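Trainee: query17.cif is reproduced in full below (mmCIF, C-alpha atoms).
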data_protein
#
loop_
_atom_site.label_atom_id
_atom_site.label_comp_id
_atom_site.auth_asym_id
_atom_site.auth_seq_id
_atom_site.Cartn_x
_atom_site.Cartn_y
_atom_site.Cartn_z
CA MET A 1 -38.08 51.98 -20.43
CA LYS A 2 -36.79 51.79 -16.90
CA ALA A 3 -33.73 50.57 -15.11
CA THR A 4 -34.23 47.92 -12.49
CA LYS A 5 -32.61 48.48 -9.15
CA ASN A 6 -30.14 45.81 -8.17
CA GLU A 7 -31.61 45.25 -4.75
CA SER A 8 -35.20 44.81 -5.95
CA LYS A 9 -34.96 43.23 -9.39
CA TRP A 10 -31.76 41.20 -9.38
CA LEU A 11 -32.13 37.64 -8.12
CA GLU A 12 -30.39 36.71 -4.93
CA GLY A 13 -27.31 34.53 -5.39
CA THR A 14 -25.10 32.62 -2.99
CA ARG A 15 -21.91 34.52 -3.88
CA SER A 16 -23.23 37.78 -5.36
CA GLU A 17 -26.30 39.33 -6.86
CA LYS A 18 -27.24 37.77 -10.18
CA SER A 19 -28.74 39.21 -13.33
CA HIS A 20 -31.87 38.03 -15.10
CA HIS A 21 -29.63 35.48 -16.84
CA GLY A 22 -28.34 34.09 -13.55
CA LEU A 23 -24.86 35.62 -13.75
CA GLY A 24 -22.94 37.73 -11.23
CA PRO A 25 -21.97 41.39 -11.79
CA TRP A 26 -18.19 40.88 -12.04
CA ALA A 27 -16.06 39.43 -14.85
CA VAL A 28 -12.37 39.07 -15.61
CA GLU A 29 -11.05 38.61 -19.13
CA PHE A 30 -7.72 37.80 -20.78
CA GLY A 31 -7.25 38.14 -24.52
CA VAL A 32 -4.72 38.03 -27.31
CA GLY A 33 -4.88 39.88 -30.60
CA VAL A 34 -3.08 41.61 -33.44
CA MET A 35 -2.84 45.05 -34.99
CA SER A 36 -5.18 45.62 -37.92
CA SER A 37 -4.77 47.69 -41.07
CA ASN A 38 -8.53 48.36 -41.14
CA ASP A 39 -10.22 51.69 -41.06
CA THR A 40 -13.58 52.21 -39.35
CA LEU A 41 -15.52 51.28 -42.51
CA GLY A 42 -13.59 48.02 -42.65
CA ASP A 43 -14.54 47.28 -39.05
CA ILE A 44 -18.23 47.81 -39.77
CA THR A 45 -18.17 45.57 -42.87
CA GLY A 46 -16.15 42.84 -41.14
CA GLN A 47 -12.94 43.19 -43.14
CA PHE A 48 -10.38 42.05 -40.58
CA GLU A 49 -6.92 42.43 -42.09
CA THR A 50 -3.85 41.71 -39.97
CA LEU A 51 -1.02 44.21 -40.11
CA THR A 52 2.27 42.45 -40.90
CA GLY A 53 5.89 43.54 -41.19
CA GLU A 54 7.61 46.02 -38.91
CA TYR A 55 4.36 47.84 -38.07
CA GLY A 56 2.50 44.74 -36.93
CA ALA A 57 2.13 43.85 -33.26
CA ASP A 58 0.96 41.10 -30.93
CA ILE A 59 -1.58 42.21 -28.32
CA TYR A 60 -2.14 40.92 -24.77
CA LYS A 61 -5.10 42.38 -22.88
CA LEU A 62 -6.44 42.07 -19.32
CA SER A 63 -9.86 43.54 -18.43
CA VAL A 64 -12.12 43.60 -15.36
CA TYR A 65 -15.87 44.22 -15.87
CA TYR A 66 -18.62 45.37 -13.55
CA THR A 67 -22.33 45.42 -14.40
CA VAL A 68 -23.62 48.75 -13.11
CA THR A 69 -27.26 48.03 -13.82
CA GLU A 70 -29.57 45.78 -15.77
CA PHE A 71 -32.40 47.49 -17.62
CA GLN A 72 -35.88 46.11 -18.15
CA TRP A 73 -37.19 47.13 -21.54
CA GLU A 74 -40.72 46.12 -22.47
CA MET A 75 -41.38 46.00 -26.22
CA GLY A 76 -44.78 44.66 -27.13
CA ASN A 77 -45.20 41.34 -25.35
CA ARG A 78 -41.44 40.87 -24.93
CA THR A 79 -39.17 41.97 -22.09
CA PHE A 80 -35.46 42.53 -22.70
CA TYR A 81 -32.65 42.92 -20.16
CA PRO A 82 -29.72 44.88 -21.66
CA GLN A 83 -26.89 45.72 -19.27
CA LEU A 84 -24.68 48.72 -18.66
CA GLU A 85 -21.09 47.67 -17.92
CA VAL A 86 -17.94 49.60 -17.06
CA PHE A 87 -14.42 48.24 -17.26
CA PRO A 88 -10.75 49.16 -17.13
CA SER A 89 -8.30 47.29 -19.34
CA ILE A 90 -4.54 47.20 -19.72
CA THR A 91 -3.03 46.15 -23.03
CA ARG A 92 0.55 45.22 -23.86
CA PHE A 93 1.69 45.91 -27.43
CA GLU A 94 4.69 43.91 -28.68
CA GLU A 95 5.57 45.36 -32.07
CA ASN A 96 7.43 43.31 -34.68
CA ASN A 97 10.19 45.92 -34.71
CA GLY A 98 10.98 45.24 -31.04
CA ASP A 99 9.10 48.13 -29.39
CA ASN A 100 7.02 47.09 -26.35
CA TYR A 101 4.66 49.38 -24.47
CA TYR A 102 1.40 49.49 -22.51
CA ASN A 103 -1.99 51.08 -23.04
CA ILE A 104 -4.66 51.72 -20.37
CA ASN A 105 -8.36 52.17 -21.16
CA PHE A 106 -11.55 52.87 -19.26
CA ALA A 107 -14.92 52.46 -20.97
CA GLY A 108 -18.62 51.89 -20.56
CA THR A 109 -20.62 49.55 -22.80
CA LEU A 110 -24.25 48.71 -23.42
CA LYS A 111 -24.59 44.93 -23.73
CA TRP A 112 -27.49 43.19 -25.47
CA THR A 113 -28.17 39.80 -23.86
CA ASP A 114 -31.49 38.57 -25.31
CA PHE A 115 -31.06 36.69 -28.57
CA PRO A 116 -33.68 34.15 -29.69
CA TRP A 117 -31.10 31.34 -30.01
CA ASN A 118 -29.66 31.77 -26.51
CA LYS A 119 -30.99 28.43 -25.30
CA TYR A 120 -28.72 26.80 -27.90
CA LEU A 121 -25.75 29.21 -27.88
CA TYR A 122 -25.70 31.96 -25.24
CA THR A 123 -24.70 35.16 -27.05
CA THR A 124 -24.15 38.78 -26.07
CA LEU A 125 -23.17 41.80 -28.13
CA ALA A 126 -21.67 44.95 -26.60
CA SER A 127 -20.28 48.27 -27.74
CA GLY A 128 -19.50 51.55 -26.04
CA VAL A 129 -17.01 54.36 -25.66
CA GLY A 130 -14.22 55.40 -23.33
CA LEU A 131 -10.75 56.89 -23.10
CA GLY A 132 -7.35 55.32 -23.66
CA TYR A 133 -3.79 56.39 -22.88
CA PHE A 134 -0.69 54.97 -24.57
CA GLU A 135 2.72 54.76 -22.95
CA GLN A 136 4.12 55.69 -26.36
CA ILE A 137 2.71 56.43 -29.81
CA ASN A 138 2.74 53.27 -31.89
CA ASN A 139 4.67 53.14 -35.14
CA TYR A 140 1.69 52.30 -37.31
CA ASP A 141 -0.14 55.41 -36.06
CA ARG A 142 2.88 57.48 -37.09
CA LYS A 143 3.08 55.75 -40.48
CA LYS A 144 -0.60 56.35 -41.24
CA HIS A 145 -0.37 60.01 -40.31
CA VAL A 146 3.02 61.20 -41.53
CA ASN A 147 3.90 64.78 -40.60
CA GLN A 148 0.88 65.04 -38.30
CA GLU A 149 0.97 65.58 -34.57
CA ARG A 150 0.01 62.43 -32.67
CA SER A 151 -1.41 62.22 -29.16
CA GLN A 152 -0.94 59.54 -26.53
CA TRP A 153 -4.61 60.07 -25.59
CA LYS A 154 -7.36 58.50 -27.72
CA PHE A 155 -11.06 57.87 -27.63
CA TYR A 156 -11.62 54.14 -27.15
CA TRP A 157 -14.39 52.24 -28.95
CA PRO A 158 -14.73 48.56 -27.95
CA PHE A 159 -16.89 46.07 -29.83
CA GLN A 160 -17.42 42.62 -28.27
CA LEU A 161 -19.25 39.45 -29.22
CA THR A 162 -19.41 36.70 -26.57
CA LEU A 163 -20.40 33.06 -27.01
CA ALA A 164 -20.99 30.38 -24.38
CA LEU A 165 -22.69 27.05 -23.84
CA PRO A 166 -26.02 27.66 -22.06
CA LYS A 167 -25.09 25.36 -19.15
CA PHE A 168 -21.74 27.15 -18.71
CA LYS A 169 -22.64 30.80 -19.32
CA ARG A 170 -20.04 32.10 -16.91
CA HIS A 171 -17.28 30.74 -19.20
CA GLN A 172 -17.37 32.86 -22.34
CA LEU A 173 -15.42 33.07 -25.58
CA VAL A 174 -15.00 36.69 -26.67
CA LEU A 175 -14.37 37.98 -30.18
CA TYR A 176 -13.36 41.62 -29.98
CA ASN A 177 -12.42 44.63 -32.06
CA ASP A 178 -10.87 47.68 -30.34
CA HIS A 179 -10.75 51.00 -32.15
CA TRP A 180 -8.79 54.04 -30.94
CA SER A 181 -9.53 57.43 -32.46
CA GLY A 182 -8.23 60.95 -32.06
CA GLY A 183 -11.82 62.20 -32.17
CA PHE A 184 -11.66 64.23 -35.38
CA GLY A 185 -9.05 66.62 -34.03
CA ILE A 186 -9.94 66.62 -30.33
CA PHE A 187 -6.73 64.69 -29.58
CA ASP A 188 -5.54 64.23 -33.17
CA ASP A 189 -6.94 63.03 -36.52
CA GLY A 190 -7.40 59.38 -37.48
CA GLY A 191 -7.00 56.16 -35.54
CA PHE A 192 -6.16 52.46 -35.65
CA ASP A 193 -7.54 49.07 -34.63
CA THR A 194 -6.78 45.74 -33.04
CA TYR A 195 -8.85 42.57 -33.04
CA GLY A 196 -8.55 39.28 -31.23
CA ILE A 197 -9.99 36.53 -29.08
CA ALA A 198 -10.38 36.30 -25.30
CA TYR A 199 -11.69 34.18 -22.41
CA ARG A 200 -14.09 35.80 -19.93
CA PHE A 201 -15.10 34.40 -16.55
CA ILE A 202 -18.17 35.86 -14.82
CA PHE A 203 -18.66 35.69 -11.06
#
What is this structure when it is put down as structure tokens?

Mentor:
Amino acid sequence: MKATKNESKWLEGTRSEKSHHGLGPWAVEFGVGVMSSNDTLGDITGQFETLTGEYGADIYKLSVYYTVTEFQWEMGNRTFYPQLEVFPSITRFEENNGDNYYNINFAGTLKWTDFPWNKYLYTTLASGVGLGYFEQINNYDRKKHVNQERSQWKFYWPFQLTLALPKFKRHQLVLYNDHWSGGFGIFDDGGFDTYGIAYRFIF
């Protein structure tokens, strides 16, 4: 397995260097979502339950992505081109009880880009890890962990599925799940989730 260098392996483009899939290294994304009552097991099994009542919240998220490198993995007679991305994001939480606050994250993800059906529906799948900071501790986090110290710092675990028409790959629909965790006592114990939908433009 080896990483390809941008200057030697990425195709030349008119506006920027392009990946194996003909896309530039930058992307901007805007999404909306909701708070979830899931735990991590629920995320893995696809049980997306919206948190309602005073602890629920509407989510608005802005992210900017940069592809650091594109790998070239040869497996048998196939070559795959997964990508390493980094991104900052800022999220606004508007809780049903009237509390509004911001969260800032920075993360890296490994993105798989080579699915056999991509000529019909261009698909990518990404997950990674990072850090997040909250302007204030949300009320659901306090409710889930009564009488426990809570931290404004969390580990951040993004999970992203993107879909696009093959002729318009730079315009992508994103289905996402964001998980924040205290890291088993590093910041605190336990965590919480949001999930939503977003539009991503690659350039």

Trainee: Distance atom CA of A:Phe168-atom CA of A:Gln72, one decimal place?

Mentor: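 Taking atom CA of A:Phe168 and atom CA of A:Gln72, their separation equals 23.7 Å.
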
Trainee: Report, in Å with one decimal, the straight-line distance from atom CA of A:Gly53 to atom CA of A:Gly31.

Mentor: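 We find that atom CA of A:Gly53 and atom CA of A:Gly31 lie 21.9 Å from each other.
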
Trainee: Of the candidates A:Asn118, A:Asn103, A:Leu62, A:Val34, which shows the shortest atom-to-atom distance to A:Glu49, using only C-alpha atoms?

Mentor: A:Val34

Trainee: My list of candidates is A:Thr123, A:Gln83, A:Gln152, A:Thr162. Which is closest to A:Ser181 when distances are computed with all atoms listed in the file?

Mentor: A:Gln152

Trainee: Apply the PyMOL selection byres ((chain A and resi 126) around 9) to the displayed file and report the matching residues as a list in words.

Mentor: Thr109, Leu110, Lys111, Trp112, Thr113, Thr124, Leu125, Ser127, Gly128, Pro158, Phe159, Gln160, Leu161 and Thr162 of chain A
